[in-house]
Each structure stands twice: as C-alpha cells, then as structure tokens.
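With CSV, N, CA and C atoms inside, this is input.csv:
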chain,number,residue,atom,x,y,z
A,259,MET,N,39.5,42.5,-11.5
A,259,MET,CA,38.6,41.4,-11.4
A,259,MET,C,39.3,40.0,-11.6
A,260,THR,N,38.9,39.0,-10.8
A,260,THR,CA,39.6,37.7,-10.9
A,260,THR,C,38.7,36.7,-11.6
A,261,ASP,N,39.3,35.7,-12.1
A,261,ASP,CA,38.5,34.6,-12.8
A,261,ASP,C,37.8,33.8,-11.7
A,262,GLU,N,38.2,33.9,-10.5
A,262,GLU,CA,37.6,33.1,-9.4
A,262,GLU,C,36.4,33.8,-8.8
A,263,THR,N,35.3,33.2,-8.6
A,263,THR,CA,34.2,33.8,-7.9
A,263,THR,C,34.3,33.3,-6.5
A,264,VAL,N,34.3,34.3,-5.5
A,264,VAL,CA,34.5,34.0,-4.1
A,264,VAL,C,33.3,34.5,-3.3
A,265,PHE,N,32.8,33.7,-2.4
A,265,PHE,CA,31.8,34.1,-1.4
A,265,PHE,C,32.4,33.9,0.0
A,266,ASP,N,32.6,35.1,0.6
A,266,ASP,CA,33.2,35.1,1.9
A,266,ASP,C,32.1,35.0,2.9
A,267,ALA,N,31.8,33.8,3.5
A,267,ALA,CA,30.7,33.6,4.4
A,267,ALA,C,31.1,33.9,5.8
A,268,GLY,N,32.4,34.2,6.1
A,268,GLY,CA,32.8,34.5,7.4
A,268,GLY,C,32.4,33.4,8.4
A,269,ALA,N,31.8,33.8,9.5
A,269,ALA,CA,31.5,32.9,10.6
A,269,ALA,C,30.0,32.5,10.5
A,270,LEU,N,29.3,32.7,9.4
A,270,LEU,CA,27.9,32.4,9.3
A,270,LEU,C,27.7,30.9,9.7
A,271,GLY,N,26.6,30.7,10.5
A,271,GLY,CA,26.3,29.3,10.9
A,271,GLY,C,25.6,28.6,9.7
A,272,CYS,N,25.5,27.3,9.9
A,272,CYS,CA,25.0,26.4,8.8
A,272,CYS,C,23.7,26.9,8.2
A,273,GLY,N,22.7,27.2,9.0
A,273,GLY,CA,21.4,27.5,8.4
A,273,GLY,C,21.5,28.7,7.5
A,274,GLU,N,22.0,29.8,7.9
A,274,GLU,CA,22.1,31.0,7.0
A,274,GLU,C,23.1,30.7,5.9
A,275,LEU,N,24.2,30.0,6.1
A,275,LEU,CA,25.2,29.8,5.1
A,275,LEU,C,24.6,29.0,4.0
A,276,VAL,N,23.9,27.9,4.2
A,276,VAL,CA,23.4,27.1,3.1
A,276,VAL,C,22.3,27.7,2.3
A,277,VAL,N,21.5,28.6,3.0
A,277,VAL,CA,20.5,29.4,2.2
A,277,VAL,C,21.2,30.3,1.2
A,278,LEU,N,22.2,31.0,1.7
A,278,LEU,CA,22.9,32.0,0.8
A,278,LEU,C,23.7,31.2,-0.2
A,279,LEU,N,24.3,30.1,0.1
A,279,LEU,CA,25.0,29.3,-0.8
A,279,LEU,C,24.1,28.8,-2.0
A,280,ARG,N,23.0,28.4,-1.6
A,280,ARG,CA,22.0,27.9,-2.6
A,280,ARG,C,21.6,29.0,-3.6
A,281,ILE,N,21.4,30.2,-3.1
A,281,ILE,CA,21.0,31.3,-3.9
A,281,ILE,C,22.1,31.6,-4.9
A,282,ARG,N,23.3,31.7,-4.4
A,282,ARG,CA,24.5,32.0,-5.3
A,282,ARG,C,24.7,30.9,-6.3
A,283,LEU,N,24.7,29.7,-5.9
A,283,LEU,CA,25.0,28.6,-6.9
A,283,LEU,C,23.9,28.4,-7.9
A,284,ARG,N,22.7,28.7,-7.6
A,284,ARG,CA,21.6,28.6,-8.6
A,284,ARG,C,21.8,29.6,-9.7
A,285,LYS,N,22.5,30.7,-9.4
A,285,LYS,CA,22.7,31.8,-10.4
A,285,LYS,C,23.9,31.5,-11.3
A,286,MET,N,24.7,30.4,-11.0
A,286,MET,CA,25.9,30.1,-11.7
A,286,MET,C,26.0,28.6,-12.1
A,287,PRO,N,25.0,28.0,-12.7
A,287,PRO,CA,25.1,26.6,-13.0
A,287,PRO,C,26.4,26.2,-13.8
A,288,GLY,N,27.0,25.1,-13.3
A,288,GLY,CA,28.2,24.6,-14.0
A,288,GLY,C,29.5,25.3,-13.6
A,289,GLN,N,29.4,26.4,-12.9
A,289,GLN,CA,30.6,27.2,-12.6
A,289,GLN,C,31.1,26.8,-11.2
A,290,VAL,N,32.3,27.3,-10.9
A,290,VAL,CA,32.9,27.0,-9.6
A,290,VAL,C,32.9,28.2,-8.7
A,291,LEU,N,32.5,28.0,-7.4
A,291,LEU,CA,32.4,29.1,-6.4
A,291,LEU,C,33.4,28.7,-5.3
A,292,ARG,N,34.3,29.6,-5.0
A,292,ARG,CA,35.1,29.4,-3.8
A,292,ARG,C,34.4,30.0,-2.6
A,293,VAL,N,34.1,29.2,-1.6
A,293,VAL,CA,33.5,29.7,-0.4
A,293,VAL,C,34.5,29.7,0.8
A,294,VAL,N,34.6,30.8,1.4
A,294,VAL,CA,35.4,30.9,2.6
A,294,VAL,C,34.5,30.9,3.8
A,295,ALA,N,34.6,29.9,4.7
A,295,ALA,CA,33.7,29.8,5.8
A,295,ALA,C,34.5,29.4,7.0
A,296,THR,N,34.4,30.3,8.1
A,296,THR,CA,35.2,30.0,9.3
A,296,THR,C,34.4,29.4,10.4
A,297,ASP,N,33.1,29.2,10.2
A,297,ASP,CA,32.3,28.5,11.3
A,297,ASP,C,32.9,27.1,11.5
A,298,PRO,N,33.1,26.8,12.8
A,298,PRO,CA,33.7,25.5,13.1
A,298,PRO,C,33.0,24.3,12.5
A,299,GLY,N,31.7,24.4,12.2
A,299,GLY,CA,30.9,23.3,11.7
A,299,GLY,C,31.0,23.2,10.1
A,300,ALA,N,31.6,24.2,9.5
A,300,ALA,CA,31.6,24.2,8.0
A,300,ALA,C,32.3,23.0,7.4
A,301,PRO,N,33.4,22.5,8.0
A,301,PRO,CA,34.1,21.3,7.3
A,301,PRO,C,33.2,20.1,7.3
A,302,GLU,N,32.2,20.0,8.1
A,302,GLU,CA,31.2,18.9,8.1
A,302,GLU,C,30.0,19.3,7.3
A,303,ASP,N,29.5,20.5,7.5
A,303,ASP,CA,28.2,21.0,7.0
A,303,ASP,C,28.3,21.2,5.4
A,304,ILE,N,29.3,21.8,4.9
A,304,ILE,CA,29.4,22.1,3.5
A,304,ILE,C,29.5,20.8,2.7
A,305,PRO,N,30.4,19.8,3.0
A,305,PRO,CA,30.4,18.6,2.2
A,305,PRO,C,29.0,17.8,2.3
A,306,ALA,N,28.3,17.8,3.4
A,306,ALA,CA,27.0,17.2,3.5
A,306,ALA,C,26.0,17.9,2.7
A,307,TRP,N,26.0,19.2,2.7
A,307,TRP,CA,25.1,20.0,1.8
A,307,TRP,C,25.4,19.7,0.4
A,308,CYS,N,26.6,19.6,0.0
A,308,CYS,CA,27.0,19.4,-1.4
A,308,CYS,C,26.4,18.0,-1.9
A,309,ARG,N,26.5,17.0,-1.0
A,309,ARG,CA,26.0,15.7,-1.3
A,309,ARG,C,24.5,15.7,-1.5
A,310,MET,N,23.8,16.4,-0.6
A,310,MET,CA,22.3,16.5,-0.6
A,310,MET,C,21.8,17.3,-1.9
A,311,THR,N,22.6,18.3,-2.3
A,311,THR,CA,22.1,19.1,-3.4
A,311,THR,C,22.7,18.7,-4.8
A,312,ARG,N,23.6,17.7,-4.8
A,312,ARG,CA,24.2,17.2,-6.0
A,312,ARG,C,25.2,18.2,-6.6
A,313,CYS,N,25.8,19.1,-5.8
A,313,CYS,CA,26.8,20.0,-6.2
A,313,CYS,C,28.1,19.3,-5.9
A,314,ASP,N,29.2,19.6,-6.7
A,314,ASP,CA,30.5,18.9,-6.5
A,314,ASP,C,31.4,19.7,-5.6
A,315,LEU,N,31.8,19.1,-4.5
A,315,LEU,CA,32.8,19.7,-3.7
A,315,LEU,C,34.1,19.3,-4.3
A,316,LEU,N,34.8,20.2,-4.9
A,316,LEU,CA,36.0,19.9,-5.7
A,316,LEU,C,37.3,19.8,-4.8
A,317,ARG,N,37.3,20.7,-3.8
A,317,ARG,CA,38.5,20.8,-2.9
A,317,ARG,C,38.1,21.5,-1.6
A,318,HIS,N,38.8,21.2,-0.6
A,318,HIS,CA,38.7,21.9,0.7
A,318,HIS,C,40.1,22.2,1.2
A,319,ASP,N,40.4,23.4,1.5
A,319,ASP,CA,41.7,23.8,2.1
A,319,ASP,C,41.5,24.3,3.5
A,320,PRO,N,41.8,23.4,4.5
A,320,PRO,CA,41.5,23.9,5.9
A,320,PRO,C,42.4,25.1,6.3
A,321,ALA,N,43.5,25.2,5.7
A,321,ALA,CA,44.4,26.4,6.1
A,321,ALA,C,43.8,27.7,5.8
A,322,THR,N,43.0,27.8,4.7
A,322,THR,CA,42.4,29.1,4.3
A,322,THR,C,40.9,29.0,4.5
A,323,HIS,N,40.3,27.9,5.1
A,323,HIS,CA,38.9,27.8,5.3
A,323,HIS,C,38.1,27.9,4.0
A,324,SER,N,38.7,27.4,2.9
A,324,SER,CA,38.1,27.5,1.6
A,324,SER,C,37.6,26.2,1.1
A,325,PHE,N,36.5,26.3,0.4
A,325,PHE,CA,35.8,25.2,-0.3
A,325,PHE,C,35.5,25.6,-1.7
A,326,TRP,N,35.9,24.7,-2.7
A,326,TRP,CA,35.6,25.0,-4.1
A,326,TRP,C,34.5,24.1,-4.4
A,327,ILE,N,33.4,24.7,-4.9
A,327,ILE,CA,32.1,23.9,-5.2
A,327,ILE,C,31.7,24.2,-6.6
A,328,ARG,N,31.5,23.2,-7.4
A,328,ARG,CA,31.0,23.3,-8.7
A,328,ARG,C,29.4,23.2,-8.6
A,329,SER,N,28.8,24.2,-9.1
A,329,SER,CA,27.3,24.3,-9.1
A,329,SER,C,26.8,23.3,-10.1
A,330,ARG,N,25.7,22.6,-9.7
A,330,ARG,CA,25.2,21.6,-10.7
A,330,ARG,C,24.5,22.4,-11.9
A,331,ASP,N,24.3,21.7,-13.0
A,331,ASP,CA,23.8,22.3,-14.2
A,331,ASP,C,22.2,22.4,-14.2
A,332,ASP,N,21.6,21.5,-13.4
A,332,ASP,CA,20.2,21.3,-13.6
A,332,ASP,C,19.3,21.8,-12.4
A,333,TRP,N,19.6,23.0,-11.9
A,333,TRP,CA,18.7,23.6,-10.9
A,333,TRP,C,17.3,23.8,-11.5
A,334,SER,N,16.3,23.5,-10.7
A,334,SER,CA,15.0,23.8,-11.1
A,334,SER,C,14.2,24.7,-10.3
Would you put the structure from the file into structure tokens?
Amino acid sequence: MTDETVFDAGALGCGELVVLLRIRLRKMPGQVLRVVATDPGAPEDIPAWCRMTRCDLLRHDPATHSFWIRSRDDWS
C-alpha cells in the first residue's frame, strides 16, 4: 500500500468524472488525491471544477495526465 491515494479516471468525460471525483473527495476531507485523467478536456475541466468546489489543485503533470487535488475540509 502506498501513502498516495490514486483515482485512475482513465478517459471518463467531464460529467461522469466530476461526479465520481466529488464522491471520493467528500470521503477524504483535507487529504490529497492524485487523479489520473486522460480525457482531452481534463486539463481545463479539472482546474475549473476545483475552483468551483473550493478544492485545491496542487499540481498538474501533463506527462502522466496526473492532477493532485487537496480535498476541502468543510464538505456539507
């Protein structure tokens, strides 16, 4: 087991991806999730979703299609 929590979203489109992302991040307030998303829209969609949900996009690595997101602490 690794210290890093990873969600391999593969080629999921924005709609399904953000629903599953929200479910996962709500279960881990304050923690960091590495999301691997190969959908061509992900580099625009994920940062926009993070801004709208007040989660922190810590890093994006285009070479590995990875996004590190810190879940907010105050999900309601």
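Distance annotation: of A:Ile281, A:Pro287, A:Thr322, A:Cys272, the residue with the minimal separation from Pro305 of chain A is A:Cys272; atom set is only C-alpha atoms.
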Work out how far apart atom CA of Gly288 of chain A and atom N of Arg328 of chain A are and give it in Å to one decimal. 7.5 Å
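Closest approach to Phe325 of chain A among A:Arg280, A:Val293, A:Gly299, A:Trp307 is made by A:Val293 (distances from only N, CA and C atoms).
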Would you please work out which residue, of A:Arg284, A:Leu278, A:Gly268, A:Thr263, is nearest to Ser329 of chain A when using all atoms listed in the file?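 Distance minimum relative to Ser329 of chain A lands on A:Arg284.
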Which of these residues is nearest to Asp297 of chain A, using only C-alpha atoms: A:Gly271, A:Lys285, A:Asp266, A:Asp319? A:Gly271
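Across the model, the gap from atom N of Ala306 of chain A to atom C of Ala321 of chain A is 18.5 Å.
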Applying 8 Å and all atoms listed in the file, which residues near Ile304 of chain A remain after dropping the ones on its own chain fewer than 6 positions away? List them as a list in words.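 So, after excluding close chain neighbours, the residues are Cys272, Val276, Met310 and Leu315 of chain A.
The space between atom C of Arg312 of chain A and atom C of Arg292 of chain A spans 15.5 Å.
DSSP, applied to the backbone of this structure, assigns strand (DSSP E or B) to the following residues of chain A: A:Thr263, A:Val264, A:Phe265, A:Asp266, A:Ala267, A:Gly268, A:Val290, A:Leu291, A:Arg292, A:Val293, A:Val294, A:Ala295, A:Asp314, A:Leu315, A:Leu316, A:Arg317, A:His318, A:Asp319, A:Ser324, A:Phe325, A:Trp326, A:Ile327, A:Arg328.
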When distances are computed from only C-alpha atoms, which of A:Val290, A:Cys313, A:Ala300, A:Leu275 shows the smallest separation from Trp326 of chain A? A:Val290
Using only the atoms of segment 308-325 of chain A listed in the file, plus 8 Å on each side, state the axis-aligned box centre and edge lengths in Å rounded to one decimal, as lines of an AutoDock Vina configuration file.
center_x = 33.1
center_y = 22.4
center_z = -0.2
size_x = 38.6
size_y = 29.4
size_z = 29.0
Which residue of A:Leu279, A:Thr311, A:Val294, A:Val264 approaches Ser324 of chain A most closely, using only C-alpha atoms: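 Smallest distance to Ser324 of chain A is found for A:Val294.
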